[in-house]
file structure.txt (compact mmCIF, C-alpha atoms)
# COMPACT_ATOMS: atom_id res chain seq x y z
CA MET A 23 110.16 41.98 132.09
CA LEU A 24 108.85 40.67 128.76
CA LYS A 25 108.99 44.21 127.32
CA ILE A 26 112.63 44.54 128.32
CA LEU A 27 113.52 41.21 126.71
CA ALA A 28 111.69 42.20 123.53
CA LEU A 29 113.51 45.54 123.43
CA LEU A 30 116.87 43.85 124.03
CA LEU A 31 116.15 41.36 121.25
CA LEU A 32 115.13 44.19 118.89
CA ALA A 33 118.29 46.14 119.79
CA ALA A 34 120.44 43.05 119.13
CA VAL A 35 118.82 42.55 115.71
CA ILE A 36 119.32 46.22 114.79
CA LEU A 37 122.95 46.20 115.96
CA GLY A 38 123.60 42.97 114.06
CA GLN A 39 122.16 44.42 110.89
CA LEU A 40 124.18 47.61 111.30
CA PHE A 41 127.36 45.58 111.82
CA VAL A 42 126.78 43.55 108.64
CA ARG A 43 125.81 46.57 106.53
CA LEU A 44 128.63 48.83 107.76
CA TYR A 45 131.40 46.21 107.96
CA PRO A 46 134.37 47.63 106.01
CA LEU A 47 135.60 45.43 103.16
CA ASP A 48 139.34 45.70 102.52
CA PRO A 49 139.97 45.54 98.76
CA LYS A 50 143.38 43.93 99.43
CA ALA A 51 141.69 40.98 101.12
CA TYR A 52 139.12 40.33 98.38
CA HIS A 53 140.59 41.64 95.11
CA VAL A 54 142.62 38.56 94.17
CA ASP A 55 144.51 37.52 91.03
CA LEU A 56 142.59 34.45 89.87
CA ARG A 57 145.36 33.41 87.45
CA SER A 58 147.96 33.27 90.21
CA LEU A 59 145.64 31.28 92.47
CA GLU A 60 145.21 28.69 89.71
CA GLN A 61 148.93 28.64 88.86
CA HIS A 62 150.05 28.16 92.47
CA GLY A 63 147.94 25.10 93.16
CA GLN A 64 145.10 26.93 94.85
CA GLY A 65 142.81 26.46 91.87
CA ALA A 66 141.37 23.34 93.48
CA SER A 67 140.05 25.46 96.33
CA LEU A 68 138.46 27.79 93.78
CA ARG A 69 136.66 24.92 92.10
CA ASP A 70 134.62 24.18 95.16
CA PRO A 71 131.43 22.10 95.12
CA THR A 72 129.25 25.21 95.41
CA GLY A 73 130.27 26.20 91.87
CA ASN A 74 131.35 29.72 92.76
CA PHE A 75 134.29 29.69 90.30
CA GLN A 76 133.82 29.51 86.54
CA SER A 77 136.34 29.92 83.75
CA PHE A 78 135.77 30.18 79.98
CA ALA A 79 137.85 30.69 76.87
CA LEU A 80 135.91 32.78 74.36
CA GLY A 81 136.82 33.71 70.80
CA ILE A 82 135.98 37.40 71.18
CA ARG A 83 137.96 40.52 71.97
CA SER A 84 138.49 41.21 75.66
CA ASP A 85 137.26 44.81 75.43
CA ALA A 86 133.87 43.72 74.04
CA LEU A 87 133.56 41.05 76.72
CA GLU A 88 134.57 43.50 79.44
CA ARG A 89 131.93 46.03 78.36
CA SER A 90 129.19 43.40 78.18
CA ILE A 91 129.85 41.71 81.53
CA SER A 92 130.40 45.04 83.29
CA ASN A 93 127.02 46.35 82.08
CA ILE A 94 125.31 43.18 83.28
CA ILE A 95 126.95 43.18 86.71
CA THR A 96 126.54 46.88 87.44
CA SER A 97 122.83 46.65 86.59
CA THR A 98 122.41 44.04 89.34
CA PRO A 99 120.60 45.53 92.36
CA ARG A 100 122.74 46.31 95.42
CA THR A 101 126.00 45.72 93.51
CA THR A 102 128.91 48.16 93.77
CA LEU A 103 132.52 48.27 92.63
CA LEU A 104 135.10 47.35 95.30
CA ALA A 105 138.38 47.36 93.31
CA GLU A 106 139.70 47.39 89.76
CA THR A 107 143.13 46.78 88.22
CA VAL A 108 144.74 46.33 84.84
CA ALA A 109 147.98 44.33 84.94
CA LYS A 110 150.88 46.17 83.36
CA GLY A 111 152.62 44.42 80.49
CA GLN A 112 149.68 42.06 80.03
CA VAL A 113 146.20 42.56 78.73
CA VAL A 114 144.41 41.51 81.90
CA SER A 115 141.58 43.31 83.60
CA SER A 116 140.38 42.38 87.07
CA VAL A 117 137.32 43.89 88.75
CA THR A 118 135.87 43.02 92.14
CA TYR A 119 132.25 43.78 93.00
CA VAL A 120 130.22 43.58 96.22
CA THR A 121 126.60 42.45 96.08
CA ARG A 122 124.55 42.74 99.28
CA SER A 123 121.48 40.73 100.22
CA ALA A 124 118.21 42.66 100.25
CA PHE A 125 117.17 42.50 103.90
CA TRP A 126 120.28 41.94 106.01
CA GLY A 127 122.81 43.41 103.62
CA PHE A 128 125.19 40.44 103.83
CA PRO A 129 128.05 41.14 101.40
CA ASP A 130 129.11 38.65 98.74
CA VAL A 131 132.28 39.46 96.78
CA THR A 132 132.77 38.55 93.11
CA THR A 133 136.00 38.97 91.17
CA VAL A 134 135.79 39.05 87.37
CA GLU A 135 139.02 38.63 85.44
CA ILE A 136 139.33 39.02 81.66
CA GLU A 137 142.55 38.20 79.86
CA GLN A 138 143.28 38.71 76.17
CA THR A 139 144.88 35.56 74.73
CA ASN A 140 145.87 34.51 71.21
CA MET A 141 142.54 32.67 70.95
CA GLY A 142 140.41 35.56 72.22
CA ALA A 143 139.31 36.47 75.72
CA ALA A 144 139.56 34.26 78.79
CA LEU A 145 136.91 34.95 81.42
CA ARG A 146 137.22 33.91 85.07
CA ILE A 147 134.57 34.65 87.70
CA TYR A 148 134.95 33.85 91.40
CA GLY A 149 132.17 34.58 93.89
CA ARG A 150 132.43 34.10 97.64
CA LEU A 151 130.73 35.15 100.82
CA VAL A 152 132.21 37.36 103.52
CA PHE A 153 130.32 36.07 106.56
CA GLY A 154 129.51 32.45 107.37
CA LYS A 155 130.27 29.15 105.70
CA ALA A 156 127.30 28.65 103.35
CA ASP A 157 125.56 31.02 100.99
CA PHE A 158 122.71 28.63 100.07
CA GLY A 159 123.80 28.73 96.42
CA MET A 160 123.37 32.50 96.05
CA ASN A 161 126.82 33.13 94.49
CA LYS A 162 126.40 30.26 92.03
CA THR A 163 122.93 31.48 91.08
CA ARG A 164 124.10 35.07 90.67
CA ILE A 165 127.10 34.07 88.52
CA ASN A 166 124.97 31.77 86.35
CA THR A 167 122.38 34.53 85.92
CA TRP A 168 125.11 36.91 84.76
CA LEU A 169 126.48 34.29 82.35
CA ASP A 170 122.99 33.52 81.02
CA GLN A 171 122.51 37.25 80.33
CA LEU A 172 125.96 37.48 78.74
CA PHE A 173 125.35 34.57 76.37
CA ALA A 174 121.81 35.74 75.59
CA GLN A 175 123.45 38.73 73.89
CA PRO A 176 124.58 38.35 70.30
CA LEU A 177 128.28 37.76 71.05
CA LYS A 178 130.27 37.26 67.88
CA ASP A 179 133.77 35.97 67.27
CA HIS A 180 136.33 37.70 65.07
CA LEU A 181 134.69 36.15 61.95
CA GLY A 182 131.24 37.43 62.94
CA ASP A 183 129.88 34.02 63.91
CA PRO A 184 127.73 33.76 67.07
CA ILE A 185 129.41 32.31 70.15
CA PRO A 186 127.40 29.75 72.12
CA ARG A 187 127.86 29.38 75.86
CA PRO A 188 130.83 27.05 76.34
CA PRO A 189 131.04 24.54 79.18
CA SER A 190 132.95 25.80 82.22
CA LEU A 191 136.64 24.93 82.05
call {"tool": "encode", "arguments": {"input": "structure.txt", "output": "structure tokens"}}
result
Amino acid sequence: MLKILALLLLAAVILGQLFVRLYPLDPKAYHVDLRSLEQHGQGASLRDPTGNFQSFALGIRSDALERSISNIITSTPRTTLLAETVAKGQVVSSVTYVTRSAFWGFPDVTTVEIEQTNMGAALRIYGRLVFGKADFGMNKTRINTWLDQLFAQPLKDHLGDPIPRPPSL
């Protein structure tokens, strides 16, 4: 009887892990326009206490920023591209990535949006979990690690001066 219970428990764990790892992520559900969320009063929900949303105005070109942050994110283990768009008529790039936890493979989704403005590039990053209600600070830690790596690089403004990490907007 104990063997049967152990086998049933093992089967439940394996099925649970397969469900989490193979769960299909619909790009339409997770690839969101962060500017429109802010503009339509949903920005408050983005700025949640877990710190999963960060926004910066940087005095550099958007293409340089896009290359740098993309290299950092794609070098993160277990991270893949989910969706990518460039808004027509505007210089806005939006990329959504999926990063899975090492053992269970729980997916976390992060959208990175870069917009070219008159003052340089605006960077918005929004990380969220797919399953559950708490990620134990994993999205905040991951985003801050990416930003630390980004600002550890010699980013320079249009005059060639180094850009320090600004406070989150």
call {"tool": "atom_distance", "arguments": {"input": "structure.txt", "atom1": "atom CA of Val131 of chain A", "atom2": "atom CA of Asp85 of chain A"}}
result
22.6 Å
call {"tool": "closest_residue", "arguments": {"input": "structure.txt", "among": "A:Val120, A:Ala143, A:Ala105, A:Asp130", "to": "Asp55 of chain A", "atoms": "all atoms listed in the file"}}
result
A:Ala105
call {"tool": "closest_residue", "arguments": {"input": "structure.txt", "among": "A:Trp168, A:Trp126, A:Tyr52, A:Tyr148", "to": "Leu37 of chain A", "atoms": "all atoms listed in the file"}}
result
A:Trp126
call {"tool": "atom_distance", "arguments": {"input": "structure.txt", "atom1": "atom CA of Arg146 of chain A", "atom2": "atom CA of Arg57 of chain A"}}
result
8.5 Å
call {"tool": "residues_around", "arguments": {"input": "structure.txt", "residues": "Thr121 of chain A", "least_positions_apart": "3", "cutoff": "10 Å", "atoms": "only C-alpha atoms", "output": "PyMOL selection string"}}
result
chain A and resi 95-96+98-104+124+127-132+149+151+161+164
call {"tool": "axis_aligned_box", "arguments": {"input": "structure.txt", "around": "segment 154-160 of chain A", "padding_each_side": "8 Å", "output": "AutoDock Vina command-line options"}}
result
--center_x 126.5 --center_y 30.6 --center_z 101.7 --size_x 23.6 --size_y 19.9 --size_z 27.3
call {"tool": "atom_distance", "arguments": {"input": "structure.txt", "atom1": "atom CA of Thr107 of chain A", "atom2": "atom CA of Ser123 of chain A"}}
result
25.5 Å
call {"tool": "residues_around", "arguments": {"input": "structure.txt", "residues": "Ile91 of chain A", "least_positions_apart": "5", "cutoff": "9 Å", "atoms": "only C-alpha atoms", "output": "list in words"}}
result
Ala86, Thr96, Val134, Trp168, Leu169, Gln171 and Leu172 of chain A
call {"tool": "residues_around", "arguments": {"input": "structure.txt", "residues": "His53 of chain A", "least_positions_apart": "3", "cutoff": "7 Å", "atoms": "all atoms listed in the file", "output": "list of chain:residue names"}}
result
A:Pro49, A:Lys50, A:Ala105, A:Thr118, A:Thr133
call {"tool": "closest_residue", "arguments": {"input": "structure.txt", "among": "A:Leu56, A:Pro176, A:Met160, A:Thr167", "to": "Leu145 of chain A", "atoms": "all atoms listed in the file"}}
result
A:Leu56
call {"tool": "closest_residue", "arguments": {"input": "structure.txt", "among": "A:Asp48, A:Phe41, A:Ile82, A:Val54", "to": "Gly142 of chain A", "atoms": "only C-alpha atoms"}}
result
A:Ile82
call {"tool": "closest_residue", "arguments": {"input": "structure.txt", "among": "A:Phe153, A:Glu88, A:Leu32, A:Leu27", "to": "Arg122 of chain A", "atoms": "only C-alpha atoms"}}
result
A:Phe153
